[in-house]
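Below is one structure, written out as structure tokens; comments come after it.
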Amino acid sequence: MISKALKKARAFEVKNRPLALPQQPAFHVTGGTGWINDPNGFAPYRGEYHLFFQYHPYAVDCGPMHWGHMKTRDFIRWERLPAALAPDMDYDRDGCFSGGAVELEDGRHLLMYTGVRNRRREDGVVQAFQTQCIAVGDGVDYEKLDGNPVIDASSLPEGGSTRDFRDPKIWREDGRYWAVIGNRPADGSGSVLLYESEDALRWRFVSVLASCRGRYGSMWECPDFFPLDGKHVLVVSPQEMQAEGLEFHPGNGNLCLIGTYDRANYRLVRESVQTIDYGLDFYAPQTLLTMDGRRVMIAWMQNWDTAACKPRELRFFGQMTLPRELSIREGRLCQNPIRELERYRGARIEYRRVPVRGETRLKGICGRCLDMTVTLYPGDGRETWRWFLMRLAQDGEHFTSVLYLPETGTIRVDRSHSGFPYDIVNVREFPVHEREGRLKLRVILDRYSLELFVNDGEQAASLTLYTPQEAAGIGFSSDATVYIDVEKYEIAAD
Ligand code: FRU
């Protein structure tokens, strides 16, 4: 049965979406209209890839959470489907929060999400009760289970809290269903709980898979756990991070723990911890395994701390990153743009060994929807150089810059001059490494975003930008002669 609340959301979508179309990114997911945050239920279903998301269709501000819905075959072109879930039951009346999806053995599509119910205490403090709920459907319409919630306080480990108990990510393995769920135990730190089930309906607590042990923020939101290149990776989005060097910035962060999975005790034995994306806008990533065996990640390309600052003229707020293929190289998580993007490449322009000093512009190197790789290497070694600058989305007054500082071995991305009138965090710096004296910078630009991939995915840095679309110039400069190879493709995806 489709509830009144869901009917209302679907009718609103039909009426409002056509108006929103001209002002959309060309190949990044948005809600079409309204607000989105975390990707949810990112998983294959009946030969296609489905993506749901946290969604408030009626305004560009965060509100009672619905699940929006899209699907794709190639991760670039997406088909919009009607909203899948609305907060319409007593146990989720304050929001259908994040979760995952899986195809059941009988061919039905199961969504597992966090139902939120708030209660105002006499002293005015709002208490949240978060439980895990299920809806089952056919890829378009979903029925919430009569037996919801399927996981509640009764199957929390000692000290676990229902105030911060959310974001189940579900998968099938060895003939059983598994789910990881974020929790904040009594000491205020973050942990990830592991549950298992025979039928995806009745669940049993298994273990505390990992916990933050007083470091790496507090509540760990949106966990995901998967094998990759002989290791296991746990992805989390911690709240209240403290800065650590240039690796972790304060506030809502994103990180992965890489290690081995101790299957006897159901624990992750961690070997290393790193930031996933070093840019300004990246949160709540979720992954799937493609039908041809690739681990692909998508994330909300936004930062909670700056989510109140938005361009009022746009009818959408919140975008997803481009889906990325993951791998582990030299013990680190690497990520590269999904290879299907290459099918949408238009005309290719290439330059080899261009000397750069002062401001350099290259004919044909411009645009706002493009895939461009710039390989940078020093000249004959006689000159020392202190910086190399690439300016994108540039006109007389605007630019967004990528600055490489070889002496500190860092890149600084800066969108202060992107025309966005807010005093928010606009600059981020992070460490990179030259490989055989070269640095490779791949830039994916869409109308409202920039994603940078360094050295074939060793580092990624994402940011949103709202520079006028006419600002499409690209320029290079350096304080001493360096050389660049440039390969640029326009992307024609809409
Ligand atoms: C992460 C998050 C999740 C929650 C959702 C609510 O961005 O806070 O923990 O389920 O957003 O929209």
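Residue numbering restarts at 1 for every chain of the structure tokens, chains are lettered A, B, ... in their displayed order, and ligands are numbered from 1 as they appear.
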
With a cut-off of 7 Å, could you pull out the residues of chain A touching ligand 1 and give me the nearest pair of atoms for each, distance in Å to one decimal, using only C-alpha atoms and all ligand atoms, ordered by chain and ascending number, as a tab-separated table?
```
residue	atom	partner	partner_atom_place_in_ligand_line	distance
A:Asn37	CA	ligand 1	12 (O)	6.2
A:Asp38	CA	ligand 1	7 (O)	5.4
A:Gln54	CA	ligand 1	12 (O)	5.5
A:Met65	CA	ligand 1	12 (O)	6.1
A:Phe97	CA	ligand 1	10 (O)	4.0
A:Ser98	CA	ligand 1	10 (O)	3.9
A:Thr114	CA	ligand 1	10 (O)	6.7
A:Arg166	CA	ligand 1	10 (O)	5.8
A:Asp167	CA	ligand 1	10 (O)	5.2
A:Glu221	CA	ligand 1	9 (O)	4.6
A:Cys222	CA	ligand 1	9 (O)	5.8
A:Tyr283	CA	ligand 1	7 (O)	6.7
A:Ala284	CA	ligand 1	7 (O)	5.6
```

Output file for the residues above (N, CA and C atoms, as a JSON list (two decimals), in the first residue's frame):
```
[["chain", "number", "residue", "atom", "x", "y", "z"],
["A", 37, "ASN", "N", 20.98, 13.99, 0.92],
["A", 37, "ASN", "CA", 22.28, 13.71, 1.53],
["A", 37, "ASN", "C", 22.66, 12.25, 1.24],
["A", 38, "ASP", "N", 23.04, 11.48, 2.21],
["A", 38, "ASP", "CA", 23.72, 10.19, 1.97],
["A", 38, "ASP", "C", 23.16, 9.31, 0.86],
["A", 54, "GLN", "N", 19.05, 9.86, 0.91],
["A", 54, "GLN", "CA", 18.34, 10.66, 1.89],
["A", 54, "GLN", "C", 17.79, 11.87, 1.16],
["A", 65, "MET", "N", 13.12, 12.89, 6.52],
["A", 65, "MET", "CA", 13.84, 12.13, 5.50],
["A", 65, "MET", "C", 12.99, 11.08, 4.81],
["A", 97, "PHE", "N", 15.96, 7.13, 7.92],
["A", 97, "PHE", "CA", 17.37, 7.47, 7.79],
["A", 97, "PHE", "C", 18.10, 6.42, 6.93],
["A", 98, "SER", "N", 19.41, 6.61, 6.85],
["A", 98, "SER", "CA", 20.21, 5.85, 5.87],
["A", 98, "SER", "C", 20.18, 4.35, 6.09],
["A", 114, "THR", "N", 17.09, 3.01, 8.87],
["A", 114, "THR", "CA", 16.90, 3.38, 10.28],
["A", 114, "THR", "C", 15.62, 4.19, 10.41],
["A", 166, "ARG", "N", 22.39, 3.65, 13.92],
["A", 166, "ARG", "CA", 21.81, 3.88, 12.60],
["A", 166, "ARG", "C", 22.71, 3.44, 11.45],
["A", 167, "ASP", "N", 22.09, 3.51, 10.27],
["A", 167, "ASP", "CA", 22.76, 3.36, 8.97],
["A", 167, "ASP", "C", 23.20, 1.91, 8.68],
["A", 221, "GLU", "N", 29.21, 7.23, 11.63],
["A", 221, "GLU", "CA", 28.02, 7.11, 10.81],
["A", 221, "GLU", "C", 28.33, 6.30, 9.55],
["A", 222, "CYS", "N", 27.27, 5.76, 8.97],
["A", 222, "CYS", "CA", 27.32, 5.13, 7.64],
["A", 222, "CYS", "C", 28.49, 4.16, 7.41],
["A", 283, "TYR", "N", 31.18, 12.82, 2.06],
["A", 283, "TYR", "CA", 30.68, 12.23, 3.30],
["A", 283, "TYR", "C", 29.82, 11.01, 2.99],
["A", 284, "ALA", "N", 29.72, 10.13, 3.98],
["A", 284, "ALA", "CA", 28.79, 8.99, 3.95],
["A", 284, "ALA", "C", 28.92, 8.11, 2.72]]
```

**Prompt:** Looking only at the backbone, which of the residues in region 18-243 of chain A does DSSP tag as strand (DSSP E), as an MDAnalysis selection string?
**Reply:** chainID A and resid 34:45 48:56 66:72 78:85 96:103 109:120 126:137 142:144 165:173 176:183 191:197 204:211 220:228 231:238

Output file for the selection above: C-alpha atoms, as a short mmCIF file (atom, residue, chain, number, x, y, z; two decimals), in the first residue's frame:
```cif
data_model
loop_
_atom_site.label_atom_id
_atom_site.label_comp_id
_atom_site.auth_asym_id
_atom_site.auth_seq_id
_atom_site.Cartn_x
_atom_site.Cartn_y
_atom_site.Cartn_z
CA GLY A 34 14.83 19.41 -3.10
CA TRP A 35 17.53 18.27 -0.74
CA ILE A 36 19.60 15.08 -0.74
CA ASN A 37 22.28 13.71 1.53
CA ASP A 38 23.72 10.19 1.97
CA PRO A 39 23.63 7.56 -0.75
CA ASN A 40 21.51 4.59 0.41
CA GLY A 41 20.82 1.10 -0.87
CA PHE A 42 23.56 1.32 -3.52
CA ALA A 43 23.44 -2.24 -4.88
CA PRO A 44 22.68 -4.28 -7.97
CA TYR A 45 19.11 -5.44 -8.47
CA GLU A 48 20.77 -2.80 -12.93
CA TYR A 49 22.34 -0.66 -10.23
CA HIS A 50 19.95 1.06 -7.87
CA LEU A 51 20.75 4.10 -5.80
CA PHE A 52 18.51 5.54 -3.11
CA PHE A 53 19.33 8.62 -1.10
CA GLN A 54 18.34 10.66 1.89
CA TYR A 55 15.83 13.04 0.44
CA HIS A 56 13.59 15.94 1.37
CA HIS A 66 12.39 10.19 2.59
CA TRP A 67 14.28 7.83 0.31
CA GLY A 68 14.67 9.14 -3.25
CA HIS A 69 15.41 6.56 -5.94
CA MET A 70 17.34 6.22 -9.21
CA LYS A 71 18.83 3.41 -11.24
CA THR A 72 21.50 3.07 -13.88
CA TRP A 78 20.54 7.63 -14.43
CA GLU A 79 16.83 7.01 -14.61
CA ARG A 80 14.70 8.68 -11.98
CA LEU A 81 12.20 6.52 -10.16
CA PRO A 82 9.47 7.68 -7.79
CA ALA A 83 10.40 8.24 -4.14
CA ALA A 84 10.64 4.86 -2.43
CA LEU A 85 10.04 5.58 1.26
CA CYS A 96 13.64 7.13 7.23
CA PHE A 97 17.37 7.47 7.79
CA SER A 98 20.21 5.85 5.87
CA GLY A 99 20.55 2.18 5.08
CA GLY A 100 21.30 -0.45 2.48
CA ALA A 101 19.63 -2.82 0.06
CA VAL A 102 20.01 -6.37 -1.13
CA GLU A 103 18.37 -8.66 -3.69
CA HIS A 109 14.33 -6.13 -3.29
CA LEU A 110 14.90 -5.56 0.40
CA LEU A 111 15.67 -2.14 1.87
CA MET A 112 16.98 -1.88 5.43
CA TYR A 113 16.91 1.58 6.95
CA THR A 114 16.90 3.38 10.28
CA GLY A 115 13.50 4.46 11.55
CA VAL A 116 13.68 7.56 13.73
CA ARG A 117 11.16 8.50 16.39
CA ASN A 118 11.82 11.52 18.59
CA ARG A 119 10.30 12.14 22.00
CA ARG A 120 10.42 15.50 23.76
CA VAL A 126 14.53 15.76 22.44
CA GLN A 127 15.35 12.08 22.72
CA ALA A 128 15.78 10.07 19.53
CA PHE A 129 14.93 6.41 19.27
CA GLN A 130 16.60 4.78 16.32
CA THR A 131 15.72 1.26 15.21
CA GLN A 132 16.38 -0.77 12.08
CA CYS A 133 13.44 -1.40 9.78
CA ILE A 134 12.76 -3.23 6.54
CA ALA A 135 10.75 -2.61 3.39
CA VAL A 136 10.46 -5.14 0.58
CA GLY A 137 9.52 -4.43 -3.02
CA TYR A 142 8.10 -1.07 -1.37
CA GLU A 143 6.01 -2.37 1.54
CA LYS A 144 7.21 -1.78 5.07
CA PHE A 165 22.09 3.56 16.32
CA ARG A 166 21.81 3.88 12.60
CA ASP A 167 22.76 3.36 8.97
CA PRO A 168 22.64 -0.42 8.41
CA LYS A 169 24.65 -1.62 5.40
CA ILE A 170 23.49 -5.07 4.40
CA TRP A 171 25.09 -7.77 2.23
CA ARG A 172 24.81 -11.47 1.50
CA GLU A 173 27.72 -13.82 2.09
CA ARG A 176 23.53 -15.59 5.10
CA TYR A 177 22.75 -11.90 5.44
CA TRP A 178 25.02 -9.56 7.35
CA ALA A 179 24.68 -5.93 8.39
CA VAL A 180 27.02 -3.38 9.92
CA ILE A 181 25.41 -0.58 11.93
CA GLY A 182 26.90 2.56 13.50
CA ASN A 183 26.52 3.04 17.24
CA SER A 191 31.68 1.73 17.10
CA VAL A 192 30.42 -0.50 14.34
CA LEU A 193 28.16 -3.41 15.26
CA LEU A 194 27.84 -6.59 13.21
CA TYR A 195 24.53 -8.47 12.90
CA GLU A 196 23.58 -11.62 11.01
CA SER A 197 20.40 -13.26 9.76
CA ARG A 204 21.06 -11.50 15.80
CA PHE A 205 23.82 -9.35 17.27
CA VAL A 206 27.22 -10.89 16.48
CA SER A 207 30.04 -8.58 17.58
CA VAL A 208 31.53 -5.13 17.87
CA LEU A 209 33.39 -5.26 14.56
CA ALA A 210 35.51 -2.19 15.33
CA SER A 211 35.48 0.82 17.59
CA TRP A 220 30.77 6.56 13.34
CA GLU A 221 28.02 7.11 10.81
CA CYS A 222 27.32 5.13 7.64
CA PRO A 223 29.66 2.13 7.97
CA ASP A 224 30.46 -0.13 5.04
CA PHE A 225 32.59 -3.27 5.21
CA PHE A 226 33.97 -5.27 2.29
CA PRO A 227 36.89 -7.34 1.02
CA LEU A 228 39.27 -5.65 -1.40
CA LYS A 231 42.35 -7.08 2.70
CA HIS A 232 39.15 -5.99 4.42
CA VAL A 233 38.11 -2.35 4.45
CA LEU A 234 35.80 -0.64 6.92
CA VAL A 235 34.57 2.74 5.75
CA VAL A 236 33.06 5.15 8.29
CA SER A 237 32.01 8.78 8.48
CA PRO A 238 32.93 10.03 11.95
#
```

**Request:** Extract, using only C-alpha atoms, all DNA, RNA and protein residues at most 7 Å from Ile298 (chain A), discarding same-chain residues fewer than 3 positions from it, and format them as a list in words.
**Result:** Pro285, Gln286, Thr287, Met320, Thr321, Leu322, Pro323 and Arg324 of chain A

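Minimum distance to Leu452 (chain A) across A:Phe420, A:Tyr483, A:Phe316, A:Tyr278 (counting only C-alpha atoms) occurs at A:Tyr278.
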
**For Glu13 (chain A): contacts at 8 Å, only C-alpha atoms, fewer than 2 positions along chain excluded, given as a count of residues only** = 9

I need the helix (DSSP H, G or I) residues of region 316-428 of chain A per DSSP on the backbone, written as a tab-separated table (two decimals) with all heavy atoms, in the first residue's frame.
```tsv
chain	number	residue	atom	x	y	z
A	339	ARG	N	35.10	3.61	-14.90
A	339	ARG	CA	35.62	3.58	-16.29
A	339	ARG	C	34.56	3.88	-17.34
A	339	ARG	O	34.88	4.29	-18.44
A	339	ARG	CB	36.33	2.26	-16.57
A	339	ARG	CG	35.45	1.07	-16.64
A	339	ARG	CD	36.26	-0.19	-16.69
A	339	ARG	NE	37.01	-0.40	-15.44
A	339	ARG	CZ	37.56	-1.56	-15.10
A	339	ARG	NH1	37.49	-2.60	-15.90
A	339	ARG	NH2	38.22	-1.69	-13.96
A	340	GLU	N	33.27	3.69	-16.99
A	340	GLU	CA	32.20	3.97	-17.96
A	340	GLU	C	32.20	5.44	-18.38
A	340	GLU	O	31.66	5.79	-19.43
A	340	GLU	CB	30.84	3.60	-17.38
A	340	GLU	CG	30.53	2.11	-17.44
A	340	GLU	CD	31.14	1.29	-16.31
A	340	GLU	OE1	32.02	1.82	-15.59
A	340	GLU	OE2	30.75	0.12	-16.14
A	341	LEU	N	32.79	6.32	-17.58
A	341	LEU	CA	32.86	7.73	-17.96
A	341	LEU	C	33.53	7.90	-19.32
A	341	LEU	O	33.21	8.80	-20.09
A	341	LEU	CB	33.62	8.53	-16.89
A	341	LEU	CG	33.75	10.03	-17.14
A	341	LEU	CD1	32.39	10.71	-17.01
A	341	LEU	CD2	34.74	10.67	-16.17
A	342	GLU	N	34.48	7.02	-19.60
A	342	GLU	CA	35.25	7.15	-20.84
A	342	GLU	C	34.38	7.01	-22.09
A	342	GLU	O	34.70	7.55	-23.15
A	342	GLU	CB	36.40	6.12	-20.84
A	342	GLU	CG	37.43	6.51	-19.78
A	342	GLU	CD	38.36	5.37	-19.37
A	342	GLU	OE1	38.61	4.48	-20.19
A	342	GLU	OE2	38.81	5.39	-18.19
A	343	ARG	N	33.23	6.32	-21.95
A	343	ARG	CA	32.32	6.19	-23.10
A	343	ARG	C	31.66	7.53	-23.46
A	343	ARG	O	31.08	7.67	-24.51
A	343	ARG	CB	31.19	5.23	-22.76
A	343	ARG	CG	31.63	3.83	-22.57
A	343	ARG	CD	30.36	2.96	-22.50
A	343	ARG	NE	30.64	1.76	-21.74
A	343	ARG	CZ	29.73	1.12	-21.02
A	343	ARG	NH1	28.49	1.56	-20.95
A	343	ARG	NH2	30.06	0.03	-20.37
A	344	TYR	N	31.70	8.45	-22.54
A	344	TYR	CA	31.05	9.75	-22.77
A	344	TYR	C	32.06	10.83	-23.14
A	344	TYR	O	31.74	12.00	-23.18
A	344	TYR	CB	30.24	10.16	-21.53
A	344	TYR	CG	29.07	9.24	-21.31
A	344	TYR	CD1	29.23	8.06	-20.58
A	344	TYR	CD2	27.83	9.52	-21.86
A	344	TYR	CE1	28.17	7.19	-20.40
A	344	TYR	CE2	26.76	8.66	-21.68
A	344	TYR	CZ	26.94	7.49	-20.96
A	344	TYR	OH	25.88	6.63	-20.78
```

**Message:** Can you pull out the residues contacting Ala347 (chain A)? Cut-off 9 Å, using only C-alpha atoms, and skip same-chain residues under 3 positions away; I want them as an MDAnalysis selection string.
**Reply:** chainID A and resid 488:491

I need the chosen residues saved as a JSON list (two decimals), in the first residue's frame, with N, CA, C and O atoms.
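The result, written out as part.json:
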```
[["chain", "number", "residue", "atom", "x", "y", "z"],
["A", 488, "LYS", "N", 42.83, 16.20, -22.71],
["A", 488, "LYS", "CA", 41.52, 16.68, -22.26],
["A", 488, "LYS", "C", 40.40, 16.17, -23.16],
["A", 488, "LYS", "O", 40.52, 16.16, -24.38],
["A", 489, "TYR", "N", 39.34, 15.73, -22.49],
["A", 489, "TYR", "CA", 38.12, 15.31, -23.22],
["A", 489, "TYR", "C", 36.95, 16.09, -22.69],
["A", 489, "TYR", "O", 36.82, 16.23, -21.47],
["A", 490, "GLU", "N", 36.10, 16.55, -23.59],
["A", 490, "GLU", "CA", 34.82, 17.05, -23.11],
["A", 490, "GLU", "C", 33.96, 15.88, -22.72],
["A", 490, "GLU", "O", 34.08, 14.81, -23.31],
["A", 491, "ILE", "N", 33.11, 16.07, -21.76],
["A", 491, "ILE", "CA", 32.16, 15.01, -21.41],
["A", 491, "ILE", "C", 30.76, 15.45, -21.86],
["A", 491, "ILE", "O", 30.29, 16.52, -21.48]]
```

**Request:** Find the residues near region 365-375 of chain A: any atom within 6 Å, counting only C-alpha atoms, skip ones fewer than 3 places away on the same chain, and give them as a list in words.
**Result:**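 The filter keeps Leu362, Leu439, Lys440, Leu441, Arg442, Val443, Ile444, Leu445, Asp446, Arg447, Ala472, Gly473, Ile474, Ile484, Asp485, Val486, Glu487, Lys488, Tyr489, Glu490 and Ile491 of chain A.
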
**Message:** I'd like the neighbourhood of Phe317 (chain A) as a ChimeraX atom specification, where a residue qualifies if any of its atoms comes within 12 Å (using only C-alpha atoms), though same-chain residues fewer than 6 positions away should be ignored.
**Reply:** /A:20,23-25,29-37,54-62,300-303,306-311,448,464-466

For C-alpha atoms, I'd like the residues from the last selection saved as an mmCIF file, in the first residue's frame.
```cif
data_model
loop_
_atom_site.group_PDB
_atom_site.id
_atom_site.type_symbol
_atom_site.label_atom_id
_atom_site.label_comp_id
_atom_site.auth_asym_id
_atom_site.auth_seq_id
_atom_site.Cartn_x
_atom_site.Cartn_y
_atom_site.Cartn_z
ATOM 1 C CA ALA A 20 14.476 21.662 -12.458
ATOM 2 C CA GLN A 23 20.033 23.606 -13.883
ATOM 3 C CA GLN A 24 21.473 20.207 -13.121
ATOM 4 C CA PRO A 25 24.928 18.734 -13.204
ATOM 5 C CA VAL A 29 23.294 12.579 -9.260
ATOM 6 C CA THR A 30 21.040 15.107 -7.525
ATOM 7 C CA GLY A 31 17.491 14.791 -6.235
ATOM 8 C CA GLY A 32 16.222 16.760 -9.261
ATOM 9 C CA THR A 33 14.366 18.937 -6.829
ATOM 10 C CA GLY A 34 14.829 19.408 -3.103
ATOM 11 C CA TRP A 35 17.526 18.274 -0.741
ATOM 12 C CA ILE A 36 19.601 15.085 -0.738
ATOM 13 C CA ASN A 37 22.285 13.705 1.526
ATOM 14 C CA GLN A 54 18.343 10.665 1.892
ATOM 15 C CA TYR A 55 15.832 13.040 0.440
ATOM 16 C CA HIS A 56 13.589 15.944 1.371
ATOM 17 C CA PRO A 57 11.723 16.646 -1.848
ATOM 18 C CA TYR A 58 9.884 19.787 -0.751
ATOM 19 C CA ALA A 59 12.774 22.162 -0.035
ATOM 20 C CA VAL A 60 16.495 22.580 -0.565
ATOM 21 C CA ASP A 61 16.900 22.231 3.199
ATOM 22 C CA CYS A 62 17.203 19.119 5.313
ATOM 23 C CA TRP A 300 27.486 12.591 -0.769
ATOM 24 C CA MET A 301 29.571 15.421 -2.256
ATOM 25 C CA GLN A 302 28.870 17.848 0.542
ATOM 26 C CA ASN A 303 29.968 18.648 4.073
ATOM 27 C CA THR A 306 28.633 23.923 5.331
ATOM 28 C CA ALA A 307 25.306 22.454 4.247
ATOM 29 C CA ALA A 308 23.378 25.524 5.372
ATOM 30 C CA CYS A 309 25.171 27.619 2.735
ATOM 31 C CA LYS A 310 23.541 27.134 -0.613
ATOM 32 C CA PRO A 311 22.814 28.958 -3.837
ATOM 33 C CA TYR A 448 28.834 22.330 -9.989
ATOM 34 C CA THR A 464 31.308 21.616 -4.993
ATOM 35 C CA LEU A 465 31.455 24.957 -6.743
ATOM 36 C CA TYR A 466 28.789 27.318 -7.932
#
```

**Atom pair CA of Leu6 (chain A) / CA of Val125 (chain A): separation (Å)** =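 According to the coordinates, CA of Leu6 (chain A) and CA of Val125 (chain A) are separated by 29.3 Å.
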